[in-house]
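Trainee: Handing over coords.txt, compact mmCIF, C-alpha atoms.
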```
# COMPACT_ATOMS: atom_id res chain seq x y z
CA MET A 1 -21.17 237.59 166.46
CA ASN A 2 -24.06 235.27 167.04
CA LEU A 3 -27.42 236.11 168.58
CA ARG A 4 -26.58 234.53 171.93
CA GLU A 5 -23.62 236.88 172.31
CA LEU A 6 -25.99 239.80 171.65
CA GLY A 7 -28.06 238.69 174.61
CA VAL A 8 -30.97 237.25 172.67
CA VAL A 9 -32.68 234.69 174.85
CA PHE A 10 -33.99 231.59 173.15
CA PRO A 11 -36.96 229.80 174.67
CA MET A 12 -36.32 226.14 175.45
CA GLN A 13 -36.61 224.14 172.28
CA PRO A 14 -37.58 220.50 172.24
CA VAL A 15 -34.59 218.46 171.11
CA ALA A 16 -35.23 215.77 168.54
CA MET A 17 -34.38 212.61 170.52
CA TYR A 18 -33.42 209.37 168.88
CA SER A 19 -35.55 206.55 170.19
CA ARG A 20 -34.91 202.87 169.50
CA ASP A 21 -37.69 200.71 168.13
CA ARG A 22 -39.35 198.68 170.84
CA CYS A 23 -40.51 195.15 171.20
CA VAL A 24 -43.84 195.75 172.97
CA THR A 25 -44.02 193.00 175.59
CA GLY A 26 -47.81 193.26 175.94
CA VAL A 27 -47.46 192.46 179.63
CA HIS A 28 -49.84 194.68 181.61
CA GLY A 29 -47.76 197.46 183.16
CA LEU A 30 -44.32 196.29 181.95
CA ASP A 31 -44.32 198.42 178.81
CA GLU A 32 -45.18 201.48 180.91
CA ILE A 33 -42.21 200.70 183.19
CA LEU A 34 -39.98 200.37 180.09
CA ARG A 35 -41.45 203.51 178.49
CA GLY A 36 -42.74 201.57 175.51
CA GLY A 37 -41.14 198.14 175.63
CA ILE A 38 -37.82 196.32 175.35
CA PRO A 39 -35.48 197.80 172.69
CA TYR A 40 -35.53 195.45 169.71
CA GLY A 41 -32.83 192.80 169.61
CA SER A 42 -32.00 193.09 173.31
CA THR A 43 -31.04 190.14 175.48
CA VAL A 44 -32.79 190.49 178.83
CA LEU A 45 -32.06 188.47 181.93
CA ALA A 46 -35.23 187.70 183.93
CA ALA A 47 -33.76 186.54 187.22
CA GLY A 48 -36.06 185.30 189.93
CA THR A 49 -36.56 183.11 192.94
CA CYS A 50 -38.71 179.98 192.75
CA GLY A 51 -42.41 180.67 192.20
CA SER A 52 -41.86 184.33 191.39
CA GLY A 53 -43.54 184.15 187.96
CA LYS A 54 -40.53 183.88 185.63
CA THR A 55 -41.95 181.19 183.36
CA THR A 56 -45.38 182.86 183.18
CA LEU A 57 -43.76 186.20 182.32
CA GLY A 58 -41.66 184.55 179.62
CA MET A 59 -44.60 182.69 178.15
CA GLU A 60 -46.85 185.76 178.17
CA PHE A 61 -44.11 187.69 176.37
CA LEU A 62 -44.23 185.03 173.61
CA VAL A 63 -48.03 184.84 173.51
CA ARG A 64 -48.36 188.62 173.07
CA GLY A 65 -45.87 188.41 170.22
CA ALA A 66 -47.70 185.50 168.64
CA ASN A 67 -50.96 187.47 168.91
CA ALA A 68 -49.29 190.11 166.76
CA GLY A 69 -48.25 187.46 164.22
CA GLU A 70 -44.63 187.14 165.35
CA ALA A 71 -42.87 183.77 165.33
CA CYS A 72 -41.75 182.85 168.83
CA ALA A 73 -39.61 180.12 170.37
CA HIS A 74 -39.28 178.76 173.87
CA PHE A 75 -36.38 176.53 174.88
CA THR A 76 -37.20 174.68 178.07
CA ALA A 77 -34.50 173.11 180.21
CA THR A 78 -36.28 173.06 183.58
CA GLU A 79 -39.38 171.01 182.75
CA PRO A 80 -40.55 168.91 179.79
CA SER A 81 -42.46 170.88 177.16
CA VAL A 82 -45.60 168.79 177.71
CA LYS A 83 -45.65 169.74 181.38
CA LEU A 84 -44.90 173.39 180.58
CA LEU A 85 -47.82 173.58 178.15
CA GLU A 86 -50.17 171.83 180.59
CA ASN A 87 -49.27 174.37 183.28
CA ILE A 88 -49.63 177.35 180.99
CA ARG A 89 -52.98 176.24 179.56
CA GLN A 90 -54.74 177.36 182.77
CA PHE A 91 -54.11 180.98 181.73
CA ALA A 92 -56.84 182.49 179.55
CA PHE A 93 -54.24 184.47 177.56
CA PHE A 94 -52.72 181.26 176.23
CA ASP A 95 -54.22 179.54 173.20
CA MET A 96 -52.99 176.07 172.23
CA ASN A 97 -53.66 176.97 168.57
CA MET A 98 -50.57 179.17 168.70
CA VAL A 99 -48.48 176.04 169.22
CA ASP A 100 -50.44 174.02 166.66
CA THR A 101 -50.05 176.71 164.00
CA GLY A 102 -46.34 177.15 164.66
CA LEU A 103 -46.46 180.69 166.03
CA ILE A 104 -45.09 179.44 169.33
CA ASN A 105 -42.43 176.74 169.03
CA VAL A 106 -41.45 174.91 172.20
CA PHE A 107 -38.19 172.97 172.27
CA ASP A 108 -36.98 170.58 174.95
CA MET A 109 -33.31 171.25 175.63
CA ASP A 110 -32.82 167.55 176.38
CA VAL A 111 -34.02 166.68 172.88
CA LEU A 112 -31.73 169.34 171.41
CA TYR A 113 -28.76 167.94 173.35
CA SER A 114 -29.63 164.51 172.06
CA TRP A 115 -29.77 165.75 168.42
CA LEU A 116 -26.40 167.38 168.85
CA GLY A 117 -24.86 164.40 170.60
CA LEU A 118 -24.34 166.50 173.73
CA GLU A 119 -25.64 164.01 176.25
CA LYS A 120 -22.81 164.65 178.66
CA SER A 121 -22.45 166.30 182.04
CA THR A 122 -20.10 169.14 181.00
CA PHE A 123 -19.70 171.12 177.79
CA ASP A 124 -16.40 172.25 176.28
CA LEU A 125 -15.80 175.13 173.85
CA GLU A 126 -16.74 173.07 170.82
CA ASP A 127 -19.99 171.89 172.44
CA VAL A 128 -20.91 175.45 173.39
CA HIS A 129 -20.38 176.63 169.81
CA SER A 130 -22.41 173.77 168.45
CA LEU A 131 -25.25 174.66 170.87
CA ILE A 132 -25.15 178.34 169.86
CA LYS A 133 -25.17 177.36 166.19
CA SER A 134 -28.20 175.12 166.59
CA ILE A 135 -30.19 177.76 168.53
CA VAL A 136 -29.27 180.43 165.97
CA ASP A 137 -30.15 178.09 163.09
CA ILE A 138 -33.60 177.42 164.59
CA VAL A 139 -34.19 181.14 165.12
CA ASN A 140 -33.04 181.88 161.57
CA THR A 141 -35.03 179.08 159.93
CA ILE A 142 -38.32 179.86 161.67
CA GLY A 143 -37.76 183.64 161.61
CA VAL A 144 -38.12 183.90 165.35
CA THR A 145 -38.40 187.46 166.69
CA ARG A 146 -39.10 186.57 170.33
CA LEU A 147 -37.12 183.94 172.18
CA VAL A 148 -37.18 182.65 175.74
CA ILE A 149 -34.59 180.29 177.24
CA ASP A 150 -35.88 178.79 180.49
CA SER A 151 -33.54 178.58 182.17
CA VAL A 152 -30.08 179.75 181.29
CA THR A 153 -28.99 178.69 184.79
CA THR A 154 -29.77 175.04 184.12
CA LEU A 155 -27.97 175.33 180.81
CA CYS A 156 -24.91 177.02 182.31
CA TYR A 157 -24.54 174.33 184.97
CA LYS A 158 -23.10 172.21 182.16
CA ILE A 159 -20.50 174.86 181.33
CA LYS A 160 -17.79 174.72 183.93
CA SER A 161 -15.72 177.82 183.25
CA GLU A 162 -16.96 181.38 183.88
CA GLN A 163 -15.15 182.53 180.76
CA LEU A 164 -16.97 179.95 178.67
CA ILE A 165 -20.34 180.99 180.16
CA ARG A 166 -19.50 184.60 179.32
CA ASP A 167 -18.53 183.65 175.74
CA PHE A 168 -21.65 181.54 175.34
CA LEU A 169 -24.05 184.30 176.46
CA PHE A 170 -22.21 187.08 174.66
CA THR A 171 -22.00 185.21 171.34
CA LEU A 172 -25.60 183.99 171.59
CA GLY A 173 -26.88 187.49 172.42
CA LYS A 174 -24.87 189.07 169.60
CA LYS A 175 -26.02 186.55 166.98
CA LEU A 176 -29.67 186.78 168.04
CA ALA A 177 -29.53 190.59 167.98
CA THR A 178 -28.26 190.55 164.39
CA LEU A 179 -31.25 188.41 163.49
CA GLY A 180 -33.58 191.00 165.11
CA CYS A 181 -34.60 188.60 167.85
CA THR A 182 -35.49 189.94 171.31
CA THR A 183 -34.50 187.38 173.91
CA ILE A 184 -35.44 186.73 177.52
CA LEU A 185 -32.98 184.53 179.39
CA ILE A 186 -34.57 183.19 182.55
CA ALA A 187 -32.23 182.75 185.49
CA GLU A 188 -32.86 181.07 188.81
CA ILE A 189 -31.58 182.88 191.86
CA THR A 190 -31.93 182.01 195.52
CA SER A 191 -32.26 185.55 196.79
CA ALA A 192 -33.70 188.76 195.39
CA THR A 193 -32.60 191.04 198.24
CA GLU A 194 -30.43 194.11 197.75
CA ASN A 195 -27.23 192.21 198.55
CA ALA A 196 -27.89 189.47 196.04
CA HIS A 197 -26.40 188.86 192.62
CA TRP A 198 -28.91 188.89 189.80
CA SER A 199 -27.61 185.62 188.43
CA SER A 200 -26.26 182.29 189.63
CA PHE A 201 -22.85 182.54 188.00
CA GLY A 202 -22.34 186.31 188.31
CA VAL A 203 -21.52 186.73 184.61
CA GLU A 204 -24.97 186.62 183.03
CA GLU A 205 -25.91 190.02 184.46
CA ALA A 206 -22.89 191.75 182.94
CA ILE A 207 -23.49 190.34 179.46
CA CYS A 208 -27.20 191.09 179.17
CA ASP A 209 -28.71 194.36 177.91
CA GLY A 210 -31.39 194.30 180.56
CA ILE A 211 -32.07 192.79 183.96
CA ILE A 212 -35.53 192.18 185.36
CA VAL A 213 -35.59 190.82 188.89
CA LEU A 214 -38.53 188.85 190.24
CA GLY A 215 -38.86 187.85 193.87
CA ASP A 216 -40.95 188.00 196.99
CA VAL A 217 -41.41 190.55 199.72
CA GLU A 218 -42.42 188.95 202.99
CA ARG A 219 -45.08 190.86 204.86
CA MET A 220 -46.28 189.40 208.14
CA GLY A 221 -45.86 185.83 206.97
CA HIS A 222 -47.29 186.37 203.48
CA LEU A 223 -45.25 186.48 200.29
CA LEU A 224 -45.98 189.23 197.80
CA ARG A 225 -44.45 188.82 194.37
CA PHE A 226 -42.50 191.75 193.02
CA LEU A 227 -40.82 192.73 189.75
CA GLN A 228 -38.07 195.32 189.39
CA VAL A 229 -36.31 196.47 186.23
CA VAL A 230 -32.73 196.95 187.42
CA LYS A 231 -31.18 197.72 184.04
CA MET A 232 -32.35 198.16 180.45
CA ARG A 233 -29.96 199.55 177.87
CA GLY A 234 -31.45 201.83 175.23
CA THR A 235 -34.46 203.09 177.14
CA PRO A 236 -35.22 205.13 180.22
CA HIS A 237 -37.23 203.06 182.71
CA SER A 238 -38.61 202.94 186.22
CA ARG A 239 -36.39 201.18 188.74
CA ALA A 240 -39.10 200.94 191.39
CA LYS A 241 -40.37 197.68 192.83
CA HIS A 242 -43.72 196.67 191.39
CA ALA A 243 -46.12 194.17 192.93
CA ILE A 244 -47.22 191.49 190.49
CA GLU A 245 -50.19 189.18 190.37
CA LEU A 246 -50.53 186.19 188.05
CA THR A 247 -54.11 186.43 186.79
CA PRO A 248 -55.84 184.34 184.10
CA LEU A 249 -55.38 187.35 181.80
CA GLY A 250 -51.65 187.32 182.43
CA VAL A 251 -49.18 189.12 184.64
CA MET A 252 -50.49 192.37 186.15
CA LEU A 253 -48.32 194.99 187.81
CA THR A 254 -48.82 197.92 190.13
CA PRO A 255 -46.22 200.03 191.96
CA MET A 256 -45.45 198.50 195.35
CA LEU A 257 -46.40 200.60 198.37
CA LYS A 258 -43.36 202.53 199.55
CA TRP A 259 -44.07 201.66 203.17
CA GLY A 260 -44.45 198.03 202.31
CA ALA A 261 -41.61 197.38 199.86
CA ILE A 262 -39.14 196.11 202.45
CA SER A 263 -39.28 192.51 203.57
CA ASP A 264 -39.97 191.85 207.26
CA ASN A 265 -36.85 189.72 207.16
CA VAL A 266 -34.48 190.74 204.39
CA ASN A 267 -32.18 187.86 205.21
CA ARG A 268 -34.61 185.15 204.21
CA TRP A 269 -33.69 182.84 201.34
CA GLY A 270 -30.33 182.40 202.98
CA SER A 271 -28.63 185.59 201.82
CA MET B 1 -78.05 198.50 206.29
CA VAL B 2 -75.83 201.52 205.58
CA THR B 3 -74.03 199.39 203.01
CA ALA B 4 -77.26 198.15 201.44
CA SER B 5 -78.75 201.64 201.23
CA THR B 6 -75.61 202.85 199.43
CA LEU B 7 -75.47 199.92 197.02
CA ILE B 8 -79.14 199.80 195.99
CA PRO B 9 -79.14 203.09 194.01
CA LEU B 10 -75.86 202.15 192.30
CA LEU B 11 -77.23 198.81 191.15
CA GLN B 12 -80.83 199.76 190.44
CA MET B 13 -80.86 203.44 189.45
CA PHE B 14 -77.47 203.66 187.73
CA GLU B 15 -77.32 200.01 186.59
CA MET B 16 -73.70 199.76 187.65
CA LYS B 17 -71.56 196.68 188.10
CA GLY B 18 -68.99 196.51 190.78
CA VAL B 19 -66.45 194.99 193.08
CA TYR B 20 -67.11 194.59 196.79
CA ILE B 21 -63.97 194.23 198.91
CA SER B 22 -64.90 192.57 202.16
CA ALA B 23 -62.34 192.92 204.94
CA SER B 24 -64.75 192.98 207.84
CA ARG B 25 -66.72 189.75 207.21
CA GLY B 26 -66.60 186.81 204.84
CA ALA B 27 -68.23 187.38 201.44
CA ALA B 28 -70.70 184.52 201.88
CA GLU B 29 -72.12 186.15 204.99
CA ILE B 30 -72.42 189.51 203.21
CA ILE B 31 -74.11 187.93 200.19
CA GLN B 32 -76.66 186.23 202.45
CA ALA B 33 -77.34 189.52 204.25
CA PHE B 34 -77.86 191.34 200.93
CA GLU B 35 -80.11 188.63 199.57
CA SER B 36 -82.21 188.73 202.72
CA VAL B 37 -83.07 192.38 201.98
CA GLY B 38 -83.73 191.67 198.30
CA ILE B 39 -80.49 192.90 196.70
CA ASP B 40 -79.51 191.09 193.50
CA VAL B 41 -75.79 190.42 193.92
CA SER B 42 -75.25 188.92 190.45
CA GLN B 43 -73.73 192.19 189.23
CA ILE B 44 -71.23 192.31 192.08
CA GLN B 45 -67.92 190.44 192.28
CA PHE B 46 -66.71 189.99 195.83
CA ILE B 47 -63.09 190.01 196.97
CA ASP B 48 -63.01 188.23 200.30
CA LEU B 49 -60.01 189.09 202.49
CA VAL B 50 -61.20 187.21 205.55
CA SER B 51 -62.06 183.63 204.63
CA SER B 52 -58.59 182.48 203.46
CA GLY B 53 -57.44 182.91 207.05
CA ILE B 54 -60.02 180.38 208.20
CA LEU B 55 -59.41 176.73 207.41
CA GLY B 56 -62.13 175.68 204.95
CA GLY B 57 -63.34 179.26 204.71
CA THR B 58 -62.92 179.44 200.95
CA ASN B 59 -65.39 176.62 200.37
CA VAL B 60 -68.37 178.83 199.41
CA PRO B 61 -71.25 178.08 197.04
CA TYR B 62 -70.92 181.37 195.11
CA SER B 63 -69.08 181.79 191.83
CA ASN B 64 -68.72 185.55 192.19
CA VAL B 65 -66.36 185.36 195.16
CA HIS B 66 -62.58 185.81 194.79
CA PHE B 67 -60.15 185.32 197.63
CA VAL B 68 -57.03 187.20 198.66
CA ASP B 69 -54.95 185.54 201.36
CA SER B 70 -54.92 188.41 203.82
CA PRO B 71 -55.91 192.08 204.29
CA ILE B 72 -52.19 192.90 204.49
CA MET B 73 -51.74 192.06 200.79
CA LEU B 74 -52.93 195.49 199.75
CA GLU B 75 -51.33 195.51 196.30
CA SER B 76 -52.87 192.11 195.52
CA ILE B 77 -56.29 193.52 196.41
CA LEU B 78 -55.76 196.42 194.00
CA LEU B 79 -54.56 194.13 191.21
CA ARG B 80 -57.41 191.66 191.74
CA THR B 81 -59.89 194.55 191.57
CA LEU B 82 -58.29 195.82 188.35
CA TYR B 83 -58.46 192.30 186.91
CA ILE B 84 -62.16 191.97 187.71
CA LEU B 85 -62.91 195.39 186.25
CA GLN B 86 -61.03 194.39 183.11
CA THR B 87 -63.24 191.31 182.72
CA ASN B 88 -66.44 193.19 183.61
CA GLN B 89 -68.50 194.06 180.54
CA SER B 90 -69.67 197.38 181.91
CA GLU B 91 -68.79 201.00 181.37
CA ARG B 92 -70.16 202.04 184.74
CA ASN B 93 -68.38 200.39 187.64
CA PHE B 94 -67.99 200.91 191.35
CA VAL B 95 -65.57 199.59 193.95
CA PHE B 96 -66.81 199.27 197.51
CA VAL B 97 -64.31 198.91 200.37
CA ASP B 98 -65.75 197.39 203.56
CA SER B 99 -64.01 198.75 205.58
CA VAL B 100 -61.07 201.04 206.39
CA ASN B 101 -61.40 200.02 210.04
CA ALA B 102 -61.00 196.34 209.21
CA LEU B 103 -57.94 197.08 207.02
CA ALA B 104 -56.50 199.18 209.88
CA ILE B 105 -56.45 196.12 212.16
CA TYR B 106 -53.76 194.52 209.99
CA ASN B 107 -51.94 197.41 208.35
CA ASP B 108 -49.61 200.12 209.56
CA ASP B 109 -51.20 203.61 209.50
CA ARG B 110 -48.68 205.06 207.02
CA MET B 111 -49.05 202.13 204.65
CA LEU B 112 -52.85 202.22 204.81
CA ALA B 113 -52.89 205.98 204.19
CA GLU B 114 -50.55 205.50 201.20
CA TYR B 115 -52.71 202.63 199.91
CA LEU B 116 -55.97 204.58 200.10
CA HIS B 117 -54.30 207.46 198.27
CA THR B 118 -53.17 205.09 195.49
CA PHE B 119 -56.50 203.25 195.47
CA ILE B 120 -58.64 206.39 195.16
CA ASN B 121 -56.44 207.88 192.43
CA THR B 122 -56.23 204.64 190.44
CA PHE B 123 -59.98 204.31 190.22
CA ARG B 124 -60.59 208.02 189.75
CA GLN B 125 -58.29 207.85 186.72
CA GLN B 126 -60.30 204.91 185.37
CA GLU B 127 -63.61 206.69 186.08
CA VAL B 128 -64.65 204.01 188.54
CA LEU B 129 -66.68 205.14 191.54
CA SER B 130 -64.91 204.31 194.82
CA VAL B 131 -67.04 203.95 197.93
CA ILE B 132 -65.08 203.59 201.16
CA LEU B 133 -66.86 202.48 204.32
CA ASN B 134 -65.42 203.94 207.48
CA VAL B 135 -66.33 204.43 211.14
CA PRO B 136 -64.50 207.73 211.79
CA ASP B 137 -64.09 207.55 215.56
CA GLN B 138 -62.37 204.16 215.20
CA THR B 139 -60.01 205.20 212.38
CA PRO B 140 -56.35 206.12 212.95
CA PRO B 141 -56.01 209.96 212.70
CA LEU B 142 -53.43 209.78 209.86
CA VAL B 143 -55.73 207.63 207.73
CA LEU B 144 -58.76 209.74 208.53
CA SER B 145 -57.04 213.01 207.57
CA ASN B 146 -56.02 211.47 204.25
CA LEU B 147 -59.56 210.29 203.56
CA ASP B 148 -60.83 213.80 204.30
CA LEU B 149 -58.36 215.14 201.79
CA TYR B 150 -58.96 212.74 198.90
CA CYS B 151 -62.63 211.82 199.06
CA THR B 152 -65.00 214.09 197.14
CA ASP B 153 -68.21 213.17 198.94
CA LEU B 154 -69.09 212.23 202.48
CA VAL B 155 -72.19 210.17 203.10
CA ASP B 156 -73.12 209.88 206.78
CA ARG B 157 -75.42 206.89 207.31
CA GLY B 158 -77.28 207.46 204.03
CA GLN B 159 -77.28 211.27 204.30
CA VAL B 160 -75.03 213.26 201.95
CA VAL B 161 -73.11 215.70 204.18
CA ILE B 162 -70.47 217.13 201.83
CA HIS B 163 -70.65 217.08 198.05
```
What do you get writing this file as structure tokens?

Mentor:
Amino acid sequence: MNLRELGVVFPMQPVAMYSRDRCVTGVHGLDEILRGGIPYGSTVLAAGTCGSGKTTLGMEFLVRGANAGEACAHFTATEPSVKLLENIRQFAFFDMNMVDTGLINVFDMDVLYSWLGLEKSTFDLEDVHSLIKSIVDIVNTIGVTRLVIDSVTTLCYKIKSEQLIRDFLFTLGKKLATLGCTTILIAEITSATENAHWSSFGVEEAICDGIIVLGDVERMGHLLRFLQVVKMRGTPHSRAKHAIELTPLGVMLTPMLKWGAISDNVNRWGS
Amino acid sequence: MVTASTLIPLLQMFEMKGVYISASRGAAEIIQAFESVGIDVSQIQFIDLVSSGILGGTNVPYSNVHFVDSPIMLESILLRTLYILQTNQSERNFVFVDSVNALAIYNDDRMLAEYLHTFINTFRQQEVLSVILNVPDQTPPLVLSNLDLYCTDLVDRGQVVIH
């Protein structure tokens, strides 16, 4: 007979909980939302409308990693790297020395396509595998631990089948995770309302370990940026909408007012 | 003058730095009024919520003025204030809101009450002194009752009434 059967009452004991190691984003407020950061090796989809702060968030994630001595890589498909760096230089958190010293490595997807002989409008299975291999090789060679692909939407426009997009993202995510690389895939969406998909092709969101949505709340003709962590495997997290501000010090977050979190017109952006 | 008499001891006796959130008038006008009574505004960063709504209003000759598009962007005001405090090299800071009545013109009562609750608690947690200017008989009852609940001191035209 054990003690419980004898009616002995045990006070509540703290249970030793397993907690995954975190990749501390360094973004003001985001690590609090994620209760410590993104679980290491995760592939996170940062889906947002235009001007919602996706690129800044991605770049700050890399800069904070580089500040801690991590090797970081940014694959840009939406704008040339020169233009990206010019735009990001206005932020005080960014230091061009990080690029010069190789802590932050920026790659133009167009140049990568050219190297691989993929200067074509659509990719087949073989092309997709060759692209994955080259990204993984770069990550492996440099020892990248933080990666941003901006944007996966632009990249996936070249992949015509949903199944192939799914394979591409799943294989890429799996290979990067084995290398210990935490990845942010930036996705462009046209709507961030409750009825919207979190990705353009509808498959990215299912493959990724986490989804961060960025968008705007319209309040009396003004747009307020918001960020919401919809999903993050391996960590408890807040799912509340947070207002964000892009300051010279980086992205700053605060919980959005409950009475002000709904857009005046939820149907804007054509949803 | 009520504003000036509240700010002078903070700046001169306690050597504090601070953020002045101006929702009632443009920051340039407030700076000129302070300077005319001999207040040194170099230790104050102003967040102007009025001038962006006026074409050409943001063209001011002061480097310590920040602009937020509208008084309805309450979260942006909070984040801008936090940003300024983060860049301020001071351990003793204040935040001055001028005024609840001006914010009430643009914002729903419930949202303003919620905002002031968040605002006061955020800065209390950071040990920043919050000073909130208010004309009680022109304040929505819901907002006023919340202010009564959360504020620790009441200063009535320079006279401490409740401490």

Trainee: Give me the residues near Pro136 (chain B) as number ranges by chain, where near means some atom within 10 Å (using all atoms listed in the file) and where sequence neighbours in that chain fewer than 4 positions away do not count.

Mentor: B: 100-101, 140-141, 143-144, 147

Trainee: Go through A:Leu223, A:Ile207, A:Leu103, A:Ile33 one by one, measure the shortest atom-to-atom distance of each to Leu45 (chain A) using only C-alpha atoms, and give the residue with the smallest value.

Mentor: A:Ile207

Trainee: Find the residue from B:Val37, B:Val95, B:Leu74, B:Ile105 that sits nearest to Leu224 (chain A); use only C-alpha atoms when measuring.

Mentor: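 Nearest candidate to Leu224 (chain A) out of B:Val37, B:Val95, B:Leu74, B:Ile105: B:Leu74.
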
Trainee: Tell me which protein, DNA and RNA residues are within 9 Å of Gln163 (chain A), counting all atoms listed in the file, leaving out same-chain ones fewer than 4 positions away, and put them as a count of residues only.

Mentor: 3

Trainee: Using 9 Å as the limit and counting only C-alpha atoms, can you tabulate each residue of chain B that touches chain A, with its shortest atom-to-atom distance in Å and the two atoms involved, as a Markdown table?

Mentor:
```
| residue | atom | partner | partner_atom | distance |
| --- | --- | --- | --- | --- |
| B:Asp69 | CA | A:His222 | CA | 8.0 |
| B:Ser70 | CA | A:His222 | CA | 7.9 |
| B:Ile72 | CA | A:Arg219 | CA | 7.4 |
| B:Met73 | CA | A:Leu224 | CA | 7.1 |
| B:Leu74 | CA | A:Leu257 | CA | 8.4 |
| B:Glu75 | CA | A:Ala243 | CA | 6.3 |
| B:Ser76 | CA | A:Glu245 | CA | 6.5 |
| B:Leu78 | CA | A:Thr254 | CA | 8.1 |
| B:Leu79 | CA | A:Glu245 | CA | 6.7 |
| B:Arg80 | CA | A:Glu245 | CA | 7.8 |
| B:Leu82 | CA | A:Met252 | CA | 8.8 |
| B:Tyr83 | CA | A:Thr247 | CA | 7.3 |
| B:Thr87 | CA | A:Leu249 | CA | 8.8 |
| B:Asp108 | CA | A:Trp259 | CA | 8.6 |
| B:Arg110 | CA | A:Trp259 | CA | 6.9 |
| B:Met111 | CA | A:Trp259 | CA | 5.2 |
| B:Leu112 | CA | A:Trp259 | CA | 8.9 |
| B:Glu114 | CA | A:Leu257 | CA | 7.0 |
| B:Tyr115 | CA | A:Leu257 | CA | 6.8 |
| B:Thr118 | CA | A:Leu257 | CA | 8.6 |
```

Trainee: CA of Gly26 (chain A) and CA of Thr182 (chain A), how far apart in Å?

Mentor: 13.6 Å

Trainee: Name the residues in contact with region 47-63 of chain A at a cut-off of 8 Å, using only C-alpha atoms, excluding same-chain residues fewer than 6 positions from it; report them as a PyMOL selection string.

Mentor: chain A and resi 25-27+72-74+88+93-94+98+104+146-148+150+184+186-192+198-199+211-216+225-226+246+250-251

Trainee: Within 9 Å of (-66.9, 200.5, 191.1), only C-alpha atoms: residues as a list in words?

Mentor: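 Returned residue set, sorted by chain then number, is Met16, Lys17, Gly18, Val19, Tyr20, Leu85, Arg92, Asn93, Phe94, Val95, Phe96, Phe123, Glu127, Val128, Leu129, Ser130 and Val131 of chain B.
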
Trainee: Tell me, as a VMD selection string, which residues lie within 12 Å of Gly102 (chain A), counting all atoms listed in the file; anything in the same chain fewer than 4 positions away does not count.

Mentor: chain A and resid 63 66 69 to 74 95 to 98 106 to 107 142 to 144

Trainee: Quick one: distance from CA of Arg25 (chain B) to CA of Val50 (chain B) in Å, one decimal?

Mentor: 6.3 Å

Trainee: Taking (-71.3, 203.0, 209.3) in the file's coordinates, which residues come within 8 Å, counting all atoms listed in the file, written as a list in words?

Mentor: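 All residues meeting the 8 Å criterion around (-71.3, 203.0, 209.3) are Val2, Thr3, Leu133, Asn134, Val135, Asp156 and Arg157 of chain B.
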
Trainee: Can you work out the spacing between CA of Thr58 (chain B) and CA of Ala27 (chain B) in Å, to one decimal?

Mentor: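 The value is 9.6 Å.
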
Trainee: Using all atoms listed in the file, pick whichever of B:Thr81, B:Thr6, B:Asn121, B:Thr152 has the shortest atom-to-atom distance to Phe67 (chain B).

Mentor: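 Once distances to Phe67 (chain B) are computed over all atoms listed in the file, the minimum belongs to B:Thr81.
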
Trainee: Just want the 7 Å neighbourhood of Pro71 (chain B), counted on only C-alpha atoms, with same-chain residues fewer than 6 positions away dropped. Output as a list in words.

Mentor: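 Residues meeting the cut-off are Ala23, Leu49, Leu103 and Tyr106 of chain B.
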
Trainee: Output C-alpha atoms of each residue in that selection to a file, as a short mmCIF file (atom, residue, chain, number, x, y, z; two decimals), keeping the file's coordinate frame.

Mentor:
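Final output, selection_12.cif:
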```cif
data_model
loop_
_atom_site.label_atom_id
_atom_site.label_comp_id
_atom_site.auth_asym_id
_atom_site.auth_seq_id
_atom_site.Cartn_x
_atom_site.Cartn_y
_atom_site.Cartn_z
CA ALA B 23 -62.34 192.92 204.94
CA LEU B 49 -60.01 189.09 202.49
CA LEU B 103 -57.94 197.08 207.02
CA TYR B 106 -53.76 194.52 209.99
#
```

Trainee: Of the candidates B:Asn88, B:Gln12, B:Gln125, B:Ser99, which shows the shortest atom-to-atom distance to Asp48 (chain B), using all atoms listed in the file?

Mentor: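 Closest candidate: B:Ser99.
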